[in-house]
>>> print(open('query_36.txt').read())   # compact mmCIF, C-alpha atoms and all ligand atoms
# COMPACT_ATOMS: atom_id res chain seq x y z
CA MET A 188 -103.98 -49.26 -143.19
CA LYS A 189 -107.26 -47.82 -144.42
CA ILE A 190 -106.87 -44.29 -145.75
CA LYS A 191 -109.76 -43.06 -143.66
CA SER A 192 -108.21 -44.31 -140.40
CA ILE A 193 -105.30 -41.95 -141.03
CA THR A 194 -107.31 -39.00 -142.35
CA ASN A 195 -109.88 -39.31 -139.54
CA TYR A 196 -107.11 -39.36 -136.98
CA LEU A 197 -105.42 -36.28 -138.43
CA LEU A 198 -108.71 -34.39 -138.78
CA LYS A 199 -109.48 -35.16 -135.15
CA GLN A 200 -106.14 -33.61 -134.13
CA TYR A 201 -106.53 -30.71 -136.54
CA PRO A 202 -110.26 -30.22 -137.21
CA LEU A 203 -111.36 -28.35 -140.32
CA SER A 204 -113.36 -26.06 -138.03
CA LEU A 205 -110.06 -24.49 -136.96
CA GLN A 206 -109.23 -23.19 -140.42
CA GLU A 207 -109.32 -19.54 -141.38
CA GLU A 208 -112.21 -18.31 -143.46
CA TRP A 209 -110.04 -17.73 -146.56
CA ASP A 210 -108.31 -21.09 -146.32
CA GLU A 211 -108.99 -24.21 -148.36
CA SER A 212 -107.80 -26.89 -145.98
CA GLY A 213 -109.46 -30.26 -146.37
CA PHE A 214 -109.59 -32.76 -149.19
CA LEU A 215 -108.36 -31.48 -152.54
CA ASN A 216 -109.16 -34.92 -153.88
CA LYS A 217 -111.07 -37.59 -152.05
CA CYS A 218 -110.92 -41.14 -153.40
CA ASP A 219 -112.33 -44.31 -151.85
CA LEU A 220 -111.25 -43.79 -148.24
CA THR A 221 -111.94 -47.41 -147.34
CA LYS A 222 -109.02 -48.46 -149.59
CA GLU A 223 -105.77 -49.48 -147.96
CA THR A 224 -102.49 -47.66 -148.39
CA LYS A 225 -99.09 -48.83 -147.26
CA LYS A 226 -97.49 -45.48 -147.87
CA VAL A 227 -98.32 -41.92 -146.90
CA PHE A 228 -96.48 -38.87 -148.15
CA VAL A 229 -96.29 -35.65 -146.16
CA CYS A 230 -95.14 -32.41 -147.77
CA LEU A 231 -95.24 -28.66 -147.38
CA ASP A 232 -96.43 -27.91 -150.92
CA LEU A 233 -98.33 -29.78 -153.57
CA ASN A 234 -96.16 -29.68 -156.65
CA GLU A 235 -94.80 -31.86 -159.42
CA LYS A 236 -92.01 -33.25 -157.24
CA THR A 237 -94.27 -34.43 -154.42
CA ILE A 238 -97.03 -35.80 -156.63
CA ASP A 239 -94.64 -37.58 -159.04
CA GLU A 240 -92.88 -39.19 -156.10
CA ALA A 241 -96.21 -40.27 -154.58
CA ILE A 242 -97.19 -41.85 -157.91
CA LYS A 243 -93.81 -43.54 -158.29
CA GLN A 244 -93.99 -45.02 -154.80
CA ASP A 245 -97.67 -45.94 -155.09
CA ALA A 246 -98.70 -43.83 -152.10
CA LYS A 247 -102.47 -43.36 -152.16
CA LEU A 248 -102.51 -40.64 -149.53
CA VAL A 249 -100.69 -37.30 -149.57
CA ILE A 250 -100.90 -34.93 -146.61
CA SER A 251 -99.79 -31.37 -147.35
CA HIS A 252 -99.56 -28.22 -145.34
CA HIS A 253 -100.39 -25.68 -148.03
CA PRO A 254 -103.49 -26.40 -150.10
CA ILE A 255 -103.93 -25.50 -153.75
CA PHE A 256 -106.33 -22.58 -153.73
CA THR A 257 -109.09 -23.38 -156.19
CA LYS A 258 -111.86 -21.04 -155.07
CA ASN A 259 -109.91 -17.81 -154.79
CA LYS A 260 -111.68 -15.34 -157.04
CA ASP A 261 -108.63 -13.08 -157.29
CA HIS A 262 -106.40 -15.78 -158.69
CA GLU A 263 -107.57 -18.07 -161.39
CA LEU A 264 -106.27 -21.60 -160.97
CA SER A 265 -103.07 -21.72 -163.02
CA SER A 266 -102.82 -24.07 -165.96
CA PHE A 267 -100.06 -25.84 -164.06
CA ASN A 268 -102.25 -26.53 -161.03
CA ARG A 269 -105.13 -27.61 -163.25
CA LYS A 270 -102.84 -30.22 -164.80
CA LEU A 271 -101.51 -31.22 -161.39
CA ILE A 272 -105.02 -31.77 -160.04
CA SER A 273 -105.99 -33.91 -163.02
CA LYS A 274 -102.79 -35.92 -162.53
CA ILE A 275 -103.76 -36.46 -158.86
CA LYS A 276 -107.27 -37.55 -159.86
CA LYS A 277 -106.00 -39.88 -162.56
CA ALA A 278 -103.58 -41.53 -160.11
CA LYS A 279 -106.44 -41.87 -157.58
CA ILE A 280 -104.47 -40.20 -154.81
CA THR A 281 -106.34 -38.77 -151.85
CA VAL A 282 -104.91 -35.38 -150.91
CA LEU A 283 -105.60 -33.74 -147.58
CA SER A 284 -104.25 -30.27 -146.67
CA LEU A 285 -104.10 -29.23 -143.03
CA HIS A 286 -102.80 -25.67 -143.38
CA THR A 287 -104.45 -23.28 -140.87
CA CYS A 288 -106.19 -26.17 -139.05
CA PHE A 289 -102.67 -27.17 -138.03
CA ASP A 290 -101.45 -23.59 -137.52
CA ASN A 291 -104.33 -22.69 -135.22
CA SER A 292 -104.15 -25.82 -133.09
CA ASN A 293 -102.45 -25.82 -129.72
CA GLN A 294 -99.81 -28.25 -130.97
CA GLY A 295 -99.59 -26.49 -134.30
CA MET A 296 -96.95 -24.81 -136.42
CA ASN A 297 -95.91 -21.91 -134.21
CA PHE A 298 -95.67 -24.10 -131.10
CA LEU A 299 -93.71 -26.70 -133.05
CA ILE A 300 -91.22 -24.05 -134.18
CA GLY A 301 -90.96 -22.58 -130.67
CA THR A 302 -90.40 -26.03 -129.19
CA LYS A 303 -87.66 -26.80 -131.72
CA LEU A 304 -85.97 -23.55 -130.67
CA LYS A 305 -86.28 -24.64 -127.01
CA LEU A 306 -88.11 -21.42 -126.14
CA ARG A 307 -89.34 -20.95 -122.60
CA ASN A 308 -92.82 -19.79 -121.54
CA LEU A 309 -94.13 -20.56 -125.00
CA LYS A 310 -97.72 -19.36 -125.29
CA TRP A 311 -100.26 -17.66 -127.55
CA TYR A 312 -99.92 -13.89 -127.39
CA LYS A 313 -103.03 -12.61 -125.63
CA GLY A 314 -105.91 -12.23 -128.09
CA ALA A 315 -103.81 -13.02 -131.15
CA LYS A 316 -102.89 -15.93 -133.39
CA PHE A 317 -99.15 -15.87 -132.87
CA VAL A 318 -96.97 -17.29 -130.11
CA VAL A 319 -94.31 -15.69 -127.93
CA GLY A 320 -91.48 -17.34 -126.07
CA ASN A 321 -88.14 -16.55 -124.46
CA PHE A 322 -84.62 -17.74 -125.09
CA ALA A 323 -82.68 -18.93 -122.05
CA GLN A 324 -80.63 -15.76 -122.48
CA ALA A 325 -80.77 -12.74 -124.76
CA LEU A 326 -79.29 -13.40 -128.22
CA THR A 327 -78.17 -11.00 -130.91
CA VAL A 328 -80.24 -10.82 -134.09
CA LYS A 329 -77.29 -12.42 -135.87
CA GLN A 330 -77.30 -15.33 -133.42
CA ILE A 331 -81.06 -15.71 -133.75
CA ALA A 332 -80.79 -15.81 -137.55
CA ALA A 333 -78.02 -18.42 -137.28
CA LEU A 334 -80.21 -20.48 -134.96
CA PHE A 335 -83.05 -20.47 -137.51
CA LYS A 336 -80.66 -21.45 -140.30
CA LYS A 337 -79.23 -24.30 -138.25
CA THR A 338 -82.54 -25.58 -136.82
CA PHE A 339 -84.73 -25.29 -139.91
CA GLY A 340 -82.34 -25.23 -142.87
CA VAL A 341 -83.71 -21.86 -144.02
CA SER A 342 -81.31 -19.71 -145.99
CA LEU A 343 -82.77 -16.49 -147.39
CA LEU A 344 -83.38 -14.37 -144.31
CA THR A 345 -84.20 -10.67 -144.40
CA THR A 346 -84.35 -8.30 -141.45
CA ASN A 347 -84.77 -4.64 -140.56
CA ALA A 348 -82.96 -5.12 -137.24
CA ASN A 349 -79.33 -4.40 -136.46
CA ALA A 350 -77.28 -7.59 -136.36
CA ASN A 351 -75.97 -6.84 -132.88
CA ASP A 352 -79.27 -5.86 -131.24
CA LYS A 353 -80.22 -8.32 -128.53
CA TYR A 354 -83.58 -9.96 -127.94
CA SER A 355 -84.69 -12.48 -125.36
CA THR A 356 -88.31 -12.68 -126.55
CA ILE A 357 -89.54 -13.55 -130.03
CA GLY A 358 -93.02 -13.67 -131.54
CA ILE A 359 -93.62 -16.37 -134.15
CA CYS A 360 -96.26 -16.48 -136.84
CA ALA A 361 -95.06 -18.82 -139.58
CA GLY A 362 -96.13 -18.28 -143.16
CA ALA A 363 -97.35 -14.87 -144.26
CA GLY A 364 -98.04 -13.72 -140.70
CA LEU A 365 -97.41 -9.98 -140.75
CA SER A 366 -101.13 -9.17 -140.92
CA VAL A 367 -101.61 -11.23 -137.75
CA PHE A 368 -98.91 -9.21 -135.98
CA ALA A 369 -100.31 -5.98 -137.43
CA GLU A 370 -103.45 -6.30 -135.30
CA LYS A 371 -101.19 -5.82 -132.27
CA PHE A 372 -98.66 -3.29 -133.68
CA ASP A 373 -99.67 -0.64 -131.14
CA GLU A 374 -98.94 -2.96 -128.25
CA LEU A 375 -95.89 -4.55 -129.87
CA SER A 376 -94.29 -1.15 -130.50
CA LYS A 377 -94.01 -0.77 -126.73
CA LYS A 378 -92.50 -4.19 -126.17
CA ASN A 379 -89.11 -5.61 -126.90
CA ILE A 380 -90.18 -8.54 -129.06
CA LEU A 381 -88.48 -9.59 -132.29
CA LEU A 382 -91.07 -10.80 -134.79
CA ILE A 383 -90.50 -13.90 -136.92
CA THR A 384 -92.61 -14.53 -139.99
CA GLY A 385 -92.36 -14.99 -143.76
CA ASP A 386 -93.45 -13.17 -146.87
CA ILE A 387 -92.98 -9.58 -145.65
CA LYS A 388 -93.70 -7.25 -148.55
CA HIS A 389 -92.38 -3.75 -149.18
CA HIS A 390 -95.25 -2.01 -147.41
CA GLY A 391 -95.02 -4.44 -144.54
CA TRP A 392 -91.41 -3.36 -143.94
CA GLN A 393 -92.59 0.25 -144.03
CA ASP A 394 -95.25 -0.47 -141.39
CA LEU A 395 -92.64 -2.15 -139.20
CA ALA A 396 -90.34 0.86 -139.57
CA ASN A 397 -93.16 3.25 -138.67
CA TYR A 398 -93.92 1.34 -135.50
CA LYS A 399 -90.19 0.79 -134.78
CA ILE A 400 -90.68 -2.95 -134.59
CA ASP A 401 -87.92 -5.38 -135.62
CA ALA A 402 -88.66 -8.51 -137.60
CA ILE A 403 -86.95 -11.31 -139.50
CA ASP A 404 -88.53 -12.70 -142.64
CA VAL A 405 -87.56 -16.38 -142.67
CA GLY A 406 -89.70 -17.40 -145.66
CA HIS A 407 -92.13 -20.29 -145.84
CA ASP A 408 -89.44 -22.98 -145.78
CA LEU A 409 -89.50 -22.66 -142.01
CA GLU A 410 -92.72 -24.64 -142.22
CA ASN A 411 -90.96 -27.68 -143.66
CA CYS A 412 -90.85 -29.01 -140.09
CA PHE A 413 -94.57 -29.76 -140.59
CA SER A 414 -93.71 -32.74 -142.80
CA ALA A 415 -91.37 -34.53 -140.39
CA PHE A 416 -93.70 -33.80 -137.47
CA ILE A 417 -96.83 -35.21 -139.15
CA ALA A 418 -94.88 -38.18 -140.56
CA SER A 419 -93.68 -39.13 -137.08
CA LEU A 420 -97.18 -38.68 -135.65
CA VAL A 421 -98.64 -41.04 -138.28
CA LYS A 422 -95.83 -43.54 -137.82
CA GLN A 423 -96.40 -43.58 -134.08
CA LYS A 424 -100.13 -44.13 -134.41
CA PHE A 425 -99.98 -46.50 -137.41
CA PRO A 426 -96.67 -48.37 -137.14
CA THR A 427 -97.34 -50.63 -140.13
CA THR A 428 -97.72 -47.66 -142.46
CA SER A 429 -94.63 -46.18 -144.03
CA CYS A 430 -94.91 -42.44 -143.79
CA LEU A 431 -92.42 -40.30 -145.64
CA ALA A 432 -91.74 -36.63 -145.18
CA ILE A 433 -90.73 -34.94 -148.40
CA THR A 434 -88.81 -31.72 -148.05
CA THR A 435 -89.47 -29.27 -150.82
CA CYS A 436 -87.19 -26.36 -150.13
CA LYS A 437 -87.30 -23.52 -152.57
CA LYS A 438 -84.65 -23.25 -155.21
CA GLU A 439 -84.22 -19.49 -155.10
CA LYS A 440 -80.70 -18.39 -154.30
CA SER A 441 -79.04 -15.17 -153.26
CA ILE A 442 -76.78 -13.81 -155.96
ZN ZN B 1 -96.90 -21.25 -145.37
>>> encode(input="query_36.txt", output="structure tokens", more="lines below")
Ligand SMILES: [Zn+2]
Amino acid sequence: MKIKSITNYLLKQYPLSLQEEWDESGFLNKCDLTKETKKVFVCLDLNEKTIDEAIKQDAKLVISHHPIFTKNKDHELSSFNRKLISKIKKAKITVLSLHTCFDNSNQGMNFLIGTKLKLRNLKWYKGAKFVVGNFAQALTVKQIAALFKKTFGVSLLTTNANANDKYSTIGICAGAGLSVFAEKFDELSKKNILLITGDIKHHGWQDLANYKIDAIDVGHDLENCFSAFIASLVKQKFPTTSCLAITTCKKEKSI
């Protein structure tokens, strides 16, 4: 299958116009898109593992969720990522990142997570970029955490809630989504919604405490479901292409 047939299809589903201003979704490396590829790799992060595997398997197209940020003035591109990008270029691999184009679409990350959890009345929260949905019945925070572990294979969960508090509604903003929730903290402090996101920093927990809002930090590994979802989408549309989802869970452990 021609590389561009696949990239055009994905960019039609998840147009670059949907991405956030700060994001760098799009092509990190764009080779000859008229070339054929038999294999496509889909991953959450661009790292040595995913790129080495793509090279080994002769995949000429890699689709990732997270991009490598190259234009961010606050963070200089690390020497590691510089080497990784030159490795990608040398191997003539086209790399497309869908990050917030996927997240902001109506079949995107937060809906995918909510659907996997079998939430009811799943919808965007009014005027915000996170979704809310209900469980069939109220669950304790402990049960909700167990459900996330079982459904998504996440392990390092942190919360400010009491394990036995019950919630029937959750708000989901995968990735580092606390700033998205923060725009609605005034409203959320009056509602009984447990927030689910990743990357909550010290001051974020303080804000949550001030507003008396409960949250669970599930990390970014929650977003690994992106890979299997996109791989199955590509396989469905292009049955002759072998599309592999690579799971790159983090290696950090609790001690
Ligand atoms: Zn993320």
>>> residues_around(input="query_36.txt", residues="Leu420 (chain A)", least_positions_apart="2", cutoff="12 Å", atoms="all atoms listed in the file", output="ChimeraX atom specification")
/A:193,196-197,200,227,229,294,413-418,422-426,428-432
>>> closest_atom_pairs(input="query_36.txt", of="chain A", to="ligand ZN 1 (chain B)", cutoff="9 Å", atoms="all atoms listed in the file", output="tab-separated table")
residue	atom	partner	partner_atom	distance
A:Leu231	CA	B:ZN1	ZN	7.9
A:Asp232	CA	B:ZN1	ZN	8.7
A:His252	CA	B:ZN1	ZN	7.5
A:His253	CA	B:ZN1	ZN	6.2
A:His286	CA	B:ZN1	ZN	7.6
A:Ala361	CA	B:ZN1	ZN	6.5
A:Gly362	CA	B:ZN1	ZN	3.8
A:Ala363	CA	B:ZN1	ZN	6.5
A:Gly364	CA	B:ZN1	ZN	8.9
A:Gly385	CA	B:ZN1	ZN	7.9
A:Asp386	CA	B:ZN1	ZN	8.9
A:Gly406	CA	B:ZN1	ZN	8.2
A:His407	CA	B:ZN1	ZN	4.9
A:Asp408	CA	B:ZN1	ZN	7.7
A:Leu409	CA	B:ZN1	ZN	8.2
A:Glu410	CA	B:ZN1	ZN	6.2
A:Asn411	CA	B:ZN1	ZN	8.9
>>> residues_around(input="query_36.txt", residues="Gly320 (chain A)", least_positions_apart="3", cutoff="6 Å", atoms="only C-alpha atoms", output="list of chain:residue names")
A:Leu306, A:Arg307, A:Asn308, A:Leu309, A:Thr356, A:Ile357
>>> closest_residue(input="query_36.txt", among="A:Leu264, A:Ala323, A:Ile242, A:Ile433", to="Ala278 (chain A)", atoms="all atoms listed in the file")
A:Ile242
>>> residues_around(input="query_36.txt", residues="Arg269 (chain A)", least_positions_apart="2", cutoff="12 Å", atoms="all atoms listed in the file", output="JSON, numbers by chain")
{"A": [215, 234, 235, 255, 256, 257, 263, 264, 265, 266, 267, 271, 272, 273, 274, 275, 276]}
>>> atom_distance(input="query_36.txt", atom1="CA of Met188 (chain A)", atom2="CA of Met296 (chain A)")
26.3 Å
>>> build_atoms(input="query_36.txt", residues="region 383-401 of chain A", atoms="N, CA and C atoms", output="PDB file, in the coordinates of the input")
ATOM      1  N   ILE A 383     -90.978 -12.926-135.927  1.00  0.00           N
ATOM      2  CA  ILE A 383     -90.500 -13.900-136.920  1.00  0.00           C
ATOM      3  C   ILE A 383     -91.685 -14.303-137.790  1.00  0.00           C
ATOM      4  N   THR A 384     -91.559 -14.081-139.066  1.00  0.00           N
ATOM      5  CA  THR A 384     -92.610 -14.530-139.990  1.00  0.00           C
ATOM      6  C   THR A 384     -91.997 -14.705-141.385  1.00  0.00           C
ATOM      7  N   GLY A 385     -92.862 -14.864-142.394  1.00  0.00           N
ATOM      8  CA  GLY A 385     -92.360 -14.990-143.760  1.00  0.00           C
ATOM      9  C   GLY A 385     -93.129 -14.041-144.656  1.00  0.00           C
ATOM     10  N   ASP A 386     -92.654 -13.898-145.886  1.00  0.00           N
ATOM     11  CA  ASP A 386     -93.450 -13.170-146.870  1.00  0.00           C
ATOM     12  C   ASP A 386     -93.714 -11.697-146.558  1.00  0.00           C
ATOM     13  N   ILE A 387     -92.746 -11.003-145.948  1.00  0.00           N
ATOM     14  CA  ILE A 387     -92.980  -9.580-145.650  1.00  0.00           C
ATOM     15  C   ILE A 387     -92.770  -8.779-146.936  1.00  0.00           C
ATOM     16  N   LYS A 388     -93.784  -8.030-147.311  1.00  0.00           N
ATOM     17  CA  LYS A 388     -93.700  -7.250-148.550  1.00  0.00           C
ATOM     18  C   LYS A 388     -93.213  -5.834-148.249  1.00  0.00           C
ATOM     19  N   HIS A 389     -92.933  -5.094-149.310  1.00  0.00           N
ATOM     20  CA  HIS A 389     -92.380  -3.750-149.180  1.00  0.00           C
ATOM     21  C   HIS A 389     -93.148  -2.891-148.171  1.00  0.00           C
ATOM     22  N   HIS A 390     -94.471  -2.866-148.301  1.00  0.00           N
ATOM     23  CA  HIS A 390     -95.250  -2.010-147.410  1.00  0.00           C
ATOM     24  C   HIS A 390     -95.287  -2.548-145.987  1.00  0.00           C
ATOM     25  N   GLY A 391     -95.110  -3.826-145.869  1.00  0.00           N
ATOM     26  CA  GLY A 391     -95.020  -4.440-144.540  1.00  0.00           C
ATOM     27  C   GLY A 391     -93.778  -3.946-143.807  1.00  0.00           C
ATOM     28  N   TRP A 392     -92.647  -3.878-144.547  1.00  0.00           N
ATOM     29  CA  TRP A 392     -91.410  -3.360-143.940  1.00  0.00           C
ATOM     30  C   TRP A 392     -91.593  -1.897-143.544  1.00  0.00           C
ATOM     31  N   GLN A 393     -92.344  -1.160-144.354  1.00  0.00           N
ATOM     32  CA  GLN A 393     -92.590   0.250-144.030  1.00  0.00           C
ATOM     33  C   GLN A 393     -93.411   0.366-142.743  1.00  0.00           C
ATOM     34  N   ASP A 394     -94.441  -0.477-142.614  1.00  0.00           N
ATOM     35  CA  ASP A 394     -95.250  -0.470-141.390  1.00  0.00           C
ATOM     36  C   ASP A 394     -94.383  -0.764-140.176  1.00  0.00           C
ATOM     37  N   LEU A 395     -93.521  -1.770-140.317  1.00  0.00           N
ATOM     38  CA  LEU A 395     -92.640  -2.150-139.200  1.00  0.00           C
ATOM     39  C   LEU A 395     -91.739  -0.982-138.817  1.00  0.00           C
ATOM     40  N   ALA A 396     -91.215  -0.292-139.832  1.00  0.00           N
ATOM     41  CA  ALA A 396     -90.340   0.860-139.570  1.00  0.00           C
ATOM     42  C   ALA A 396     -91.113   1.959-138.854  1.00  0.00           C
ATOM     43  N   ASN A 397     -92.343   2.201-139.300  1.00  0.00           N
ATOM     44  CA  ASN A 397     -93.160   3.250-138.670  1.00  0.00           C
ATOM     45  C   ASN A 397     -93.421   2.964-137.190  1.00  0.00           C
ATOM     46  N   TYR A 398     -93.642   1.716-136.902  1.00  0.00           N
ATOM     47  CA  TYR A 398     -93.920   1.340-135.500  1.00  0.00           C
ATOM     48  C   TYR A 398     -92.652   1.039-134.705  1.00  0.00           C
ATOM     49  N   LYS A 399     -91.486   1.122-135.395  1.00  0.00           N
ATOM     50  CA  LYS A 399     -90.190   0.790-134.780  1.00  0.00           C
ATOM     51  C   LYS A 399     -90.182  -0.620-134.191  1.00  0.00           C
ATOM     52  N   ILE A 400     -90.657  -1.542-135.001  1.00  0.00           N
ATOM     53  CA  ILE A 400     -90.680  -2.950-134.590  1.00  0.00           C
ATOM     54  C   ILE A 400     -89.696  -3.705-135.481  1.00  0.00           C
ATOM     55  N   ASP A 401     -88.879  -4.575-134.855  1.00  0.00           N
ATOM     56  CA  ASP A 401     -87.920  -5.380-135.620  1.00  0.00           C
ATOM     57  C   ASP A 401     -88.519  -6.732-135.986  1.00  0.00           C
TER      58      ASP A 401
END
